[in-house]
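**Student:** Input file: my_file.tsv. Contents: TSV, C-alpha atoms.
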```tsv
chain	number	residue	atom	x	y	z
D	147	LYS	CA	-39.26	-74.81	-42.70
D	148	PRO	CA	-37.11	-75.89	-45.66
D	149	GLY	CA	-39.29	-77.59	-48.27
D	150	ASP	CA	-42.57	-76.25	-46.82
D	151	THR	CA	-45.10	-74.31	-48.89
D	152	PHE	CA	-47.05	-71.22	-47.85
D	153	SER	CA	-50.54	-70.43	-49.19
D	154	VAL	CA	-52.16	-67.03	-48.66
D	155	ASN	CA	-55.67	-68.48	-48.88
D	156	ALA	CA	-54.89	-71.19	-46.34
D	157	ALA	CA	-53.25	-68.69	-43.95
D	158	VAL	CA	-55.84	-65.89	-44.28
D	159	GLY	CA	-58.96	-67.99	-44.59
D	160	PRO	CA	-62.30	-66.85	-46.00
D	161	ARG	CA	-62.66	-63.11	-46.61
D	162	THR	CA	-66.05	-62.25	-45.11
D	163	THR	CA	-67.49	-59.23	-43.37
D	164	GLU	CA	-68.17	-61.44	-40.35
D	165	ARG	CA	-64.43	-62.06	-40.07
D	166	GLY	CA	-63.69	-58.31	-40.22
D	167	PHE	CA	-62.94	-57.83	-43.91
D	168	VAL	CA	-64.34	-54.63	-45.43
D	169	MET	CA	-66.00	-54.11	-48.80
D	170	ALA	CA	-63.63	-52.81	-51.45
D	171	PRO	CA	-63.29	-52.75	-55.25
D	172	SER	CA	-62.31	-56.03	-56.88
D	173	ILE	CA	-62.31	-57.44	-60.39
D	174	GLY	CA	-65.00	-60.06	-60.98
D	175	ASP	CA	-66.06	-61.43	-64.35
D	176	GLY	CA	-64.08	-58.69	-66.08
D	177	GLU	CA	-65.78	-55.84	-64.20
D	178	MET	CA	-65.05	-53.85	-61.07
D	179	THR	CA	-67.37	-54.75	-58.21
D	180	GLN	CA	-67.44	-54.53	-54.41
D	181	THR	CA	-66.46	-57.61	-52.37
D	182	PRO	CA	-65.15	-58.23	-48.83
D	183	GLY	CA	-61.37	-58.25	-48.61
D	184	GLY	CA	-60.07	-54.79	-49.35
D	185	GLY	CA	-56.28	-54.75	-49.34
D	186	VAL	CA	-55.81	-58.49	-49.77
D	187	SER	CA	-54.30	-58.10	-53.26
D	188	GLN	CA	-51.98	-55.36	-51.99
D	189	PHE	CA	-50.83	-57.79	-49.31
D	190	ALA	CA	-50.48	-60.61	-51.87
D	191	THR	CA	-48.37	-58.42	-54.17
D	192	THR	CA	-46.17	-57.28	-51.28
D	193	LEU	CA	-45.69	-60.86	-50.06
D	194	TYR	CA	-45.10	-62.08	-53.62
D	195	ASN	CA	-42.30	-59.54	-54.08
D	196	ALA	CA	-40.71	-60.47	-50.75
D	197	ALA	CA	-40.71	-64.16	-51.78
D	198	TYR	CA	-39.57	-63.23	-55.31
D	199	PHE	CA	-36.53	-61.29	-54.08
D	200	ALA	CA	-35.73	-63.99	-51.50
D	201	GLY	CA	-35.40	-66.42	-54.42
D	202	LEU	CA	-38.19	-68.68	-53.17
D	203	GLU	CA	-39.95	-71.05	-55.56
D	204	ASP	CA	-43.16	-69.68	-57.08
D	205	MET	CA	-45.64	-72.56	-56.89
D	206	ASP	CA	-48.75	-70.62	-57.92
D	207	HIS	CA	-49.65	-67.01	-58.50
D	208	THR	CA	-51.87	-65.02	-60.83
D	209	GLU	CA	-51.51	-61.42	-61.93
D	210	HIS	CA	-54.50	-59.06	-61.96
D	211	SER	CA	-56.48	-59.17	-65.19
D	212	TYR	CA	-56.00	-55.38	-65.54
D	213	TYR	CA	-52.72	-53.57	-64.94
D	214	ILE	CA	-52.83	-51.57	-61.69
D	215	SER	CA	-50.21	-48.82	-61.79
D	216	ARG	CA	-49.23	-49.04	-58.12
D	217	TYR	CA	-47.88	-52.58	-58.73
D	218	PRO	CA	-44.72	-53.56	-60.64
D	219	GLU	CA	-45.57	-54.71	-64.17
D	220	ALA	CA	-45.62	-58.52	-64.48
D	221	ARG	CA	-44.43	-58.80	-60.87
D	222	GLU	CA	-47.64	-58.70	-58.87
D	223	ALA	CA	-50.25	-61.10	-57.55
D	224	THR	CA	-53.93	-61.25	-56.80
D	225	VAL	CA	-55.89	-63.69	-54.69
D	226	PHE	CA	-59.55	-64.67	-54.58
D	227	ASP	CA	-60.93	-66.88	-51.84
D	228	GLY	CA	-61.29	-70.46	-53.07
D	229	ALA	CA	-60.20	-69.72	-56.65
D	230	ILE	CA	-56.91	-67.81	-57.01
D	231	ASP	CA	-54.06	-68.29	-54.55
D	232	LEU	CA	-50.48	-67.19	-53.96
D	233	VAL	CA	-48.33	-70.18	-53.02
D	234	PHE	CA	-44.57	-70.32	-52.69
D	235	ARG	CA	-42.14	-72.95	-51.41
D	236	ASN	CA	-39.14	-72.49	-49.19
D	237	ASN	CA	-36.59	-74.07	-51.52
D	238	SER	CA	-33.68	-73.00	-49.31
D	239	ASP	CA	-31.86	-75.09	-46.71
D	240	HIS	CA	-32.84	-72.65	-43.94
D	241	GLY	CA	-36.01	-71.72	-42.11
D	242	ILE	CA	-37.85	-68.50	-42.96
D	243	VAL	CA	-40.01	-66.26	-40.78
D	244	ILE	CA	-42.71	-64.14	-42.45
D	245	ASP	CA	-43.01	-60.81	-40.61
D	246	THR	CA	-45.84	-58.46	-41.58
D	247	GLU	CA	-46.79	-54.96	-40.50
D	248	TRP	CA	-49.61	-52.71	-41.63
D	249	SER	CA	-50.97	-49.23	-41.15
D	250	PRO	CA	-53.94	-47.55	-42.81
D	251	SER	CA	-51.60	-46.47	-45.64
D	252	ALA	CA	-48.91	-49.17	-45.90
D	253	ILE	CA	-48.18	-52.89	-45.83
D	254	THR	CA	-44.70	-54.23	-45.09
D	255	VAL	CA	-43.58	-57.84	-45.46
D	256	ARG	CA	-40.15	-59.01	-44.35
D	257	LEU	CA	-38.79	-62.52	-44.79
D	258	TRP	CA	-36.18	-63.37	-42.18
D	259	GLY	CA	-33.75	-66.17	-42.96
D	260	THR	CA	-30.25	-66.92	-44.23
D	261	LYS	CA	-29.43	-65.09	-47.45
D	262	THR	CA	-27.88	-67.40	-50.03
D	263	VAL	CA	-28.95	-65.76	-53.32
D	264	GLU	CA	-29.15	-62.40	-55.06
D	265	VAL	CA	-32.18	-61.69	-57.23
D	266	GLN	CA	-32.54	-59.26	-60.11
D	267	SER	CA	-35.79	-58.29	-61.84
D	268	ILE	CA	-35.77	-57.15	-65.47
D	269	THR	CA	-39.06	-55.69	-66.74
D	270	GLY	CA	-39.71	-56.09	-70.45
D	271	SER	CA	-41.18	-53.45	-72.71
D	272	ARG	CA	-44.91	-53.13	-73.38
D	273	SER	CA	-46.35	-54.40	-76.66
D	274	LEU	CA	-49.55	-55.66	-78.28
D	275	TYR	CA	-51.75	-52.85	-76.93
D	276	THR	CA	-55.53	-53.40	-76.88
D	277	ASP	CA	-58.21	-50.71	-76.58
D	278	PRO	CA	-60.84	-50.64	-73.81
D	279	GLU	CA	-64.53	-51.05	-74.55
D	280	LYS	CA	-67.25	-48.80	-73.16
D	281	VAL	CA	-69.63	-50.51	-70.71
D	282	THR	CA	-72.80	-48.96	-69.28
D	283	LEU	CA	-74.04	-50.48	-66.02
D	284	PRO	CA	-76.93	-49.66	-63.68
D	285	ALA	CA	-75.97	-47.11	-61.02
D	286	GLY	CA	-75.60	-48.52	-57.52
D	287	ASP	CA	-73.11	-49.83	-54.99
D	288	ASP	CA	-71.89	-52.54	-57.39
D	289	CYS	CA	-71.08	-50.09	-60.19
D	290	VAL	CA	-67.58	-48.60	-60.05
D	291	PRO	CA	-67.07	-45.98	-62.78
D	292	SER	CA	-63.77	-46.07	-64.65
D	293	ASN	CA	-62.19	-44.14	-67.52
D	294	GLY	CA	-60.69	-47.41	-68.68
D	295	SER	CA	-57.15	-48.12	-69.82
D	296	LYS	CA	-55.39	-49.93	-72.63
D	297	GLY	CA	-54.36	-53.54	-72.22
D	298	PHE	CA	-50.86	-54.69	-73.11
D	299	THR	CA	-48.38	-57.54	-72.94
D	300	THR	CA	-45.12	-57.32	-71.00
D	301	SER	CA	-42.70	-59.60	-69.18
D	302	ASP	CA	-40.52	-59.95	-66.12
D	303	THR	CA	-37.26	-61.88	-66.05
D	304	ARG	CA	-36.03	-63.09	-62.66
D	305	VAL	CA	-32.30	-63.76	-62.50
D	306	ILE	CA	-31.08	-65.64	-59.41
D	307	THR	CA	-27.36	-65.78	-58.63
D	308	ASP	CA	-25.38	-67.36	-55.81
D	309	ALA	CA	-24.73	-64.70	-53.16
D	310	LYS	CA	-21.17	-65.91	-52.53
D	311	THR	CA	-19.88	-66.71	-56.01
D	312	GLY	CA	-22.11	-64.61	-58.26
D	313	ALA	CA	-22.74	-67.66	-60.45
D	314	GLU	CA	-26.11	-67.63	-62.20
D	315	ILE	CA	-28.46	-70.26	-60.78
D	316	SER	CA	-31.53	-69.54	-62.90
D	317	ARG	CA	-33.08	-67.09	-65.34
D	318	ARG	CA	-36.82	-67.30	-65.98
D	319	THR	CA	-39.04	-64.99	-68.00
D	320	ARG	CA	-42.77	-64.73	-67.34
D	321	THR	CA	-44.89	-63.06	-70.02
D	322	VAL	CA	-48.10	-61.39	-68.83
D	323	LYS	CA	-51.04	-60.15	-70.90
D	324	TYR	CA	-53.10	-57.47	-69.19
D	325	ASP	CA	-56.65	-57.03	-70.46
D	326	PRO	CA	-57.88	-53.52	-71.25
D	327	GLU	CA	-59.87	-52.07	-68.34
D	328	PRO	CA	-63.31	-51.10	-69.64
D	329	ASN	CA	-64.55	-47.52	-69.65
D	330	VAL	CA	-67.43	-48.00	-67.18
D	331	VAL	CA	-70.33	-45.56	-67.04
D	332	CYS	CA	-72.88	-45.92	-64.22
D	333	GLN	CA	-76.41	-44.81	-65.20
```
Any chance you could give the structure as structure tokens?
**Tutor:**
Amino acid sequence: KPGDTFSVNAAVGPRTTERGFVMAPSIGDGEMTQTPGGGVSQFATTLYNAAYFAGLEDMDHTEHSYYISRYPEAREATVFDGAIDLVFRNNSDHGIVIDTEWSPSAITVRLWGTKTVEVQSITGSRSLYTDPEKVTLPAGDDCVPSNGSKGFTTSDTRVITDAKTGAEISRRTRTVKYDPEPNVVCQ
């Protein structure tokens, strides 16, 4: 409803194997590890972009600590049960329905409502590169090898205009610093 907020963590609840979530790679304490909830960040990023392009108010979101190339730079979101959430507010005068679909290879999120704004995303250039460190961890299920990648800083500017008049309503730039992903060797 108009004025209501939506929280992924509140809607999805705890990510546990007992509730049907599968083990998948996640970033914990700066390292890749296996935790229940595979695909939750893909869903969060897809939902975040749907809310972003609908012009909804971003109440809380956090980007991944490392850049993941399948996501738009500085326009993505991660969640972690009890700690990191994706929350947005319906700041429109109309109700919104969140419609989701999934398959083993895709997630689709549609927001149904009355369109009153146009939204443009402008991705900034990369700068302030940082080199990855080499980390050696004990071999096992919790060790996920990685070649590593450079960290960098970038930005995203969201420009919202009135759908009828084209008048600019807001322009906000969010700067994001991605940490370098370590070069992980499992021994």
**Student:** Rounded to one decimal in Å, what is the spacing between CA of Asp239 in chain D and CA of Thr224 in chain D?
**Tutor:**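 Between CA of Asp239 in chain D and CA of Thr224 in chain D the gap works out to 27.9 Å.
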**Student:** Hey, could you pull the box centre and edge lengths for range 182-198 of chain D, axis-aligned, 4 Å padding per side, all listed atoms, to one decimal in Å, as AutoDock Vina command-line options?
**Tutor:**
```
--center_x -52.4 --center_y -59.5 --center_z -52.0 --size_x 33.6 --size_y 17.4 --size_z 14.7
```
**Student:** Considering all atoms listed in the file, return as a VMD selection string whatever protein or nucleic-acid residues lie within 12 Å of Thr191 in chain D, sequence-local ones (same chain, fewer than 6 positions apart) excluded.
**Tutor:** chain D and resid 154 185 197 to 198 207 to 210 214 216 to 225 231 to 233 253 to 255
**Student:** Contacts of range 263-267 of chain D at 8 Å or less, counting all atoms listed in the file, minus same-chain residues fewer than 2 places along, as a PyMOL selection string?
**Tutor:** chain D and resi 198-201+261+269+302-310
**Student:** Rounded to one decimal in Å, what is the spacing between CA of Pro148 in chain D and CA of Ile242 in chain D?
**Tutor:**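 These two atoms are separated by 7.9 Å.
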**Student:** Compare D:Gly159, D:Pro328, D:Thr262, D:Ser249 by their minimum atom-to-atom distance to Gly312 in chain D, counting only C-alpha atoms, and give me the closest one.
**Tutor:** D:Thr262
**Student:** From the set D:Ser238, D:Phe226, D:Lys323, D:Pro160, which residue has the shortest atom-to-atom contact distance to Gly259 in chain D, counting all atoms listed in the file?
**Tutor:**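 Looking at the shortest contact to Gly259 in chain D, the residue is D:Ser238.
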**Student:** Could you work out how far CA of Ser187 in chain D lies from CA of Pro278 in chain D, giving the answer in Å with one decimal?
**Tutor:**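 Between CA of Pro278 in chain D and CA of Ser187 in chain D the gap works out to 22.8 Å.
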**Student:** For range 165-172 of chain D, please output as a ChimeraX atom specification all residues within 12 Å (counting only C-alpha atoms; exclusion window: fewer than 3 positions along the same chain).
**Tutor:** /D:158-162,175-188,210-212,214,224-226,287-292
**Student:** Can you tell me, as a PyMOL selection string, which residues sit within 7 Å of (-40.1, -59.9, -47.2) in the file's frame, using all atoms listed in the file?
**Tutor:** chain D and resi 193+196-197+244+255-257
**Student:** Under the rule that all atoms listed in the file are counted, which of D:Ile268, D:Thr192, D:Ser215, D:Glu203 is the nearest residue to Thr246 in chain D?
**Tutor:**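 That would be D:Thr192, the residue with the smallest distance to Thr246 in chain D.
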**Student:** Restore all heavy atoms in range 249-260 of chain D and list the result as a PDB file, in the coordinates of the input.
**Tutor:**
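And here is the file that came out, part_35.pdb:
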```pdb
ATOM      1  N   SER D 249     -50.384 -50.462 -41.661  1.00  0.00           N
ATOM      2  CA  SER D 249     -50.970 -49.230 -41.150  1.00  0.00           C
ATOM      3  C   SER D 249     -52.100 -48.899 -42.121  1.00  0.00           C
ATOM      4  O   SER D 249     -52.232 -49.564 -43.151  1.00  0.00           O
ATOM      5  CB  SER D 249     -49.928 -48.109 -41.103  1.00  0.00           C
ATOM      6  OG  SER D 249     -49.635 -47.655 -42.409  1.00  0.00           O
ATOM      7  N   PRO D 250     -52.887 -47.899 -41.843  1.00  0.00           N
ATOM      8  CA  PRO D 250     -53.940 -47.550 -42.810  1.00  0.00           C
ATOM      9  C   PRO D 250     -53.423 -47.185 -44.205  1.00  0.00           C
ATOM     10  O   PRO D 250     -54.170 -47.202 -45.167  1.00  0.00           O
ATOM     11  CB  PRO D 250     -54.638 -46.360 -42.146  1.00  0.00           C
ATOM     12  CG  PRO D 250     -54.425 -46.575 -40.687  1.00  0.00           C
ATOM     13  CD  PRO D 250     -53.035 -47.162 -40.589  1.00  0.00           C
ATOM     14  N   SER D 251     -52.117 -46.886 -44.325  1.00  0.00           N
ATOM     15  CA  SER D 251     -51.600 -46.470 -45.640  1.00  0.00           C
ATOM     16  C   SER D 251     -50.445 -47.321 -46.161  1.00  0.00           C
ATOM     17  O   SER D 251     -49.896 -47.022 -47.215  1.00  0.00           O
ATOM     18  CB  SER D 251     -51.144 -45.005 -45.566  1.00  0.00           C
ATOM     19  OG  SER D 251     -50.102 -44.881 -44.615  1.00  0.00           O
ATOM     20  N   ALA D 252     -50.062 -48.397 -45.448  1.00  0.00           N
ATOM     21  CA  ALA D 252     -48.910 -49.170 -45.900  1.00  0.00           C
ATOM     22  C   ALA D 252     -48.967 -50.615 -45.404  1.00  0.00           C
ATOM     23  O   ALA D 252     -49.533 -50.892 -44.353  1.00  0.00           O
ATOM     24  CB  ALA D 252     -47.610 -48.532 -45.401  1.00  0.00           C
ATOM     25  N   ILE D 253     -48.359 -51.488 -46.198  1.00  0.00           N
ATOM     26  CA  ILE D 253     -48.180 -52.890 -45.830  1.00  0.00           C
ATOM     27  C   ILE D 253     -46.699 -53.196 -46.009  1.00  0.00           C
ATOM     28  O   ILE D 253     -46.103 -52.866 -47.035  1.00  0.00           O
ATOM     29  CB  ILE D 253     -49.006 -53.829 -46.724  1.00  0.00           C
ATOM     30  CG1 ILE D 253     -50.493 -53.580 -46.537  1.00  0.00           C
ATOM     31  CG2 ILE D 253     -48.674 -55.282 -46.430  1.00  0.00           C
ATOM     32  CD1 ILE D 253     -51.364 -54.325 -47.518  1.00  0.00           C
ATOM     33  N   THR D 254     -46.097 -53.831 -45.010  1.00  0.00           N
ATOM     34  CA  THR D 254     -44.700 -54.230 -45.090  1.00  0.00           C
ATOM     35  C   THR D 254     -44.602 -55.720 -44.820  1.00  0.00           C
ATOM     36  O   THR D 254     -45.215 -56.222 -43.883  1.00  0.00           O
ATOM     37  CB  THR D 254     -43.838 -53.462 -44.054  1.00  0.00           C
ATOM     38  OG1 THR D 254     -43.994 -52.057 -44.270  1.00  0.00           O
ATOM     39  CG2 THR D 254     -42.371 -53.841 -44.160  1.00  0.00           C
ATOM     40  N   VAL D 255     -43.847 -56.419 -45.657  1.00  0.00           N
ATOM     41  CA  VAL D 255     -43.580 -57.840 -45.460  1.00  0.00           C
ATOM     42  C   VAL D 255     -42.073 -58.029 -45.476  1.00  0.00           C
ATOM     43  O   VAL D 255     -41.399 -57.595 -46.411  1.00  0.00           O
ATOM     44  CB  VAL D 255     -44.228 -58.713 -46.556  1.00  0.00           C
ATOM     45  CG1 VAL D 255     -43.836 -60.170 -46.373  1.00  0.00           C
ATOM     46  CG2 VAL D 255     -45.739 -58.555 -46.559  1.00  0.00           C
ATOM     47  N   ARG D 256     -41.570 -58.667 -44.424  1.00  0.00           N
ATOM     48  CA  ARG D 256     -40.150 -59.010 -44.350  1.00  0.00           C
ATOM     49  C   ARG D 256     -40.039 -60.519 -44.223  1.00  0.00           C
ATOM     50  O   ARG D 256     -40.797 -61.134 -43.474  1.00  0.00           O
ATOM     51  CB  ARG D 256     -39.487 -58.353 -43.154  1.00  0.00           C
ATOM     52  CG  ARG D 256     -39.351 -56.863 -43.237  1.00  0.00           C
ATOM     53  CD  ARG D 256     -38.618 -56.321 -41.987  1.00  0.00           C
ATOM     54  NE  ARG D 256     -38.743 -54.894 -41.917  1.00  0.00           N
ATOM     55  CZ  ARG D 256     -39.729 -54.238 -41.314  1.00  0.00           C
ATOM     56  NH1 ARG D 256     -40.675 -54.890 -40.701  1.00  0.00           N
ATOM     57  NH2 ARG D 256     -39.765 -52.922 -41.312  1.00  0.00           N
ATOM     58  N   LEU D 257     -39.096 -61.108 -44.949  1.00  0.00           N
ATOM     59  CA  LEU D 257     -38.790 -62.520 -44.790  1.00  0.00           C
ATOM     60  C   LEU D 257     -37.432 -62.604 -44.108  1.00  0.00           C
ATOM     61  O   LEU D 257     -36.443 -62.089 -44.620  1.00  0.00           O
ATOM     62  CB  LEU D 257     -38.754 -63.226 -46.141  1.00  0.00           C
ATOM     63  CG  LEU D 257     -40.050 -63.210 -46.936  1.00  0.00           C
ATOM     64  CD1 LEU D 257     -39.901 -63.999 -48.226  1.00  0.00           C
ATOM     65  CD2 LEU D 257     -41.209 -63.754 -46.130  1.00  0.00           C
ATOM     66  N   TRP D 258     -37.406 -63.217 -42.948  1.00  0.00           N
ATOM     67  CA  TRP D 258     -36.180 -63.370 -42.180  1.00  0.00           C
ATOM     68  C   TRP D 258     -35.646 -64.783 -42.412  1.00  0.00           C
ATOM     69  O   TRP D 258     -36.377 -65.756 -42.294  1.00  0.00           O
ATOM     70  CB  TRP D 258     -36.431 -63.134 -40.698  1.00  0.00           C
ATOM     71  CG  TRP D 258     -36.892 -61.748 -40.395  1.00  0.00           C
ATOM     72  CD1 TRP D 258     -38.184 -61.327 -40.265  1.00  0.00           C
ATOM     73  CD2 TRP D 258     -36.078 -60.600 -40.190  1.00  0.00           C
ATOM     74  NE1 TRP D 258     -38.227 -59.982 -40.004  1.00  0.00           N
ATOM     75  CE2 TRP D 258     -36.944 -59.503 -39.940  1.00  0.00           C
ATOM     76  CE3 TRP D 258     -34.706 -60.370 -40.192  1.00  0.00           C
ATOM     77  CZ2 TRP D 258     -36.470 -58.222 -39.695  1.00  0.00           C
ATOM     78  CZ3 TRP D 258     -34.242 -59.090 -39.946  1.00  0.00           C
ATOM     79  CH2 TRP D 258     -35.118 -58.037 -39.707  1.00  0.00           C
ATOM     80  N   GLY D 259     -34.373 -64.882 -42.741  1.00  0.00           N
ATOM     81  CA  GLY D 259     -33.750 -66.170 -42.960  1.00  0.00           C
ATOM     82  C   GLY D 259     -32.272 -65.984 -43.267  1.00  0.00           C
ATOM     83  O   GLY D 259     -31.692 -64.935 -42.967  1.00  0.00           O
ATOM     84  N   THR D 260     -31.661 -66.977 -43.855  1.00  0.00           N
ATOM     85  CA  THR D 260     -30.250 -66.920 -44.230  1.00  0.00           C
ATOM     86  C   THR D 260     -30.168 -66.625 -45.721  1.00  0.00           C
ATOM     87  O   THR D 260     -30.673 -67.385 -46.546  1.00  0.00           O
ATOM     88  CB  THR D 260     -29.558 -68.261 -43.914  1.00  0.00           C
ATOM     89  OG1 THR D 260     -29.713 -68.526 -42.517  1.00  0.00           O
ATOM     90  CG2 THR D 260     -28.086 -68.216 -44.275  1.00  0.00           C
TER      91      THR D 260
END
```
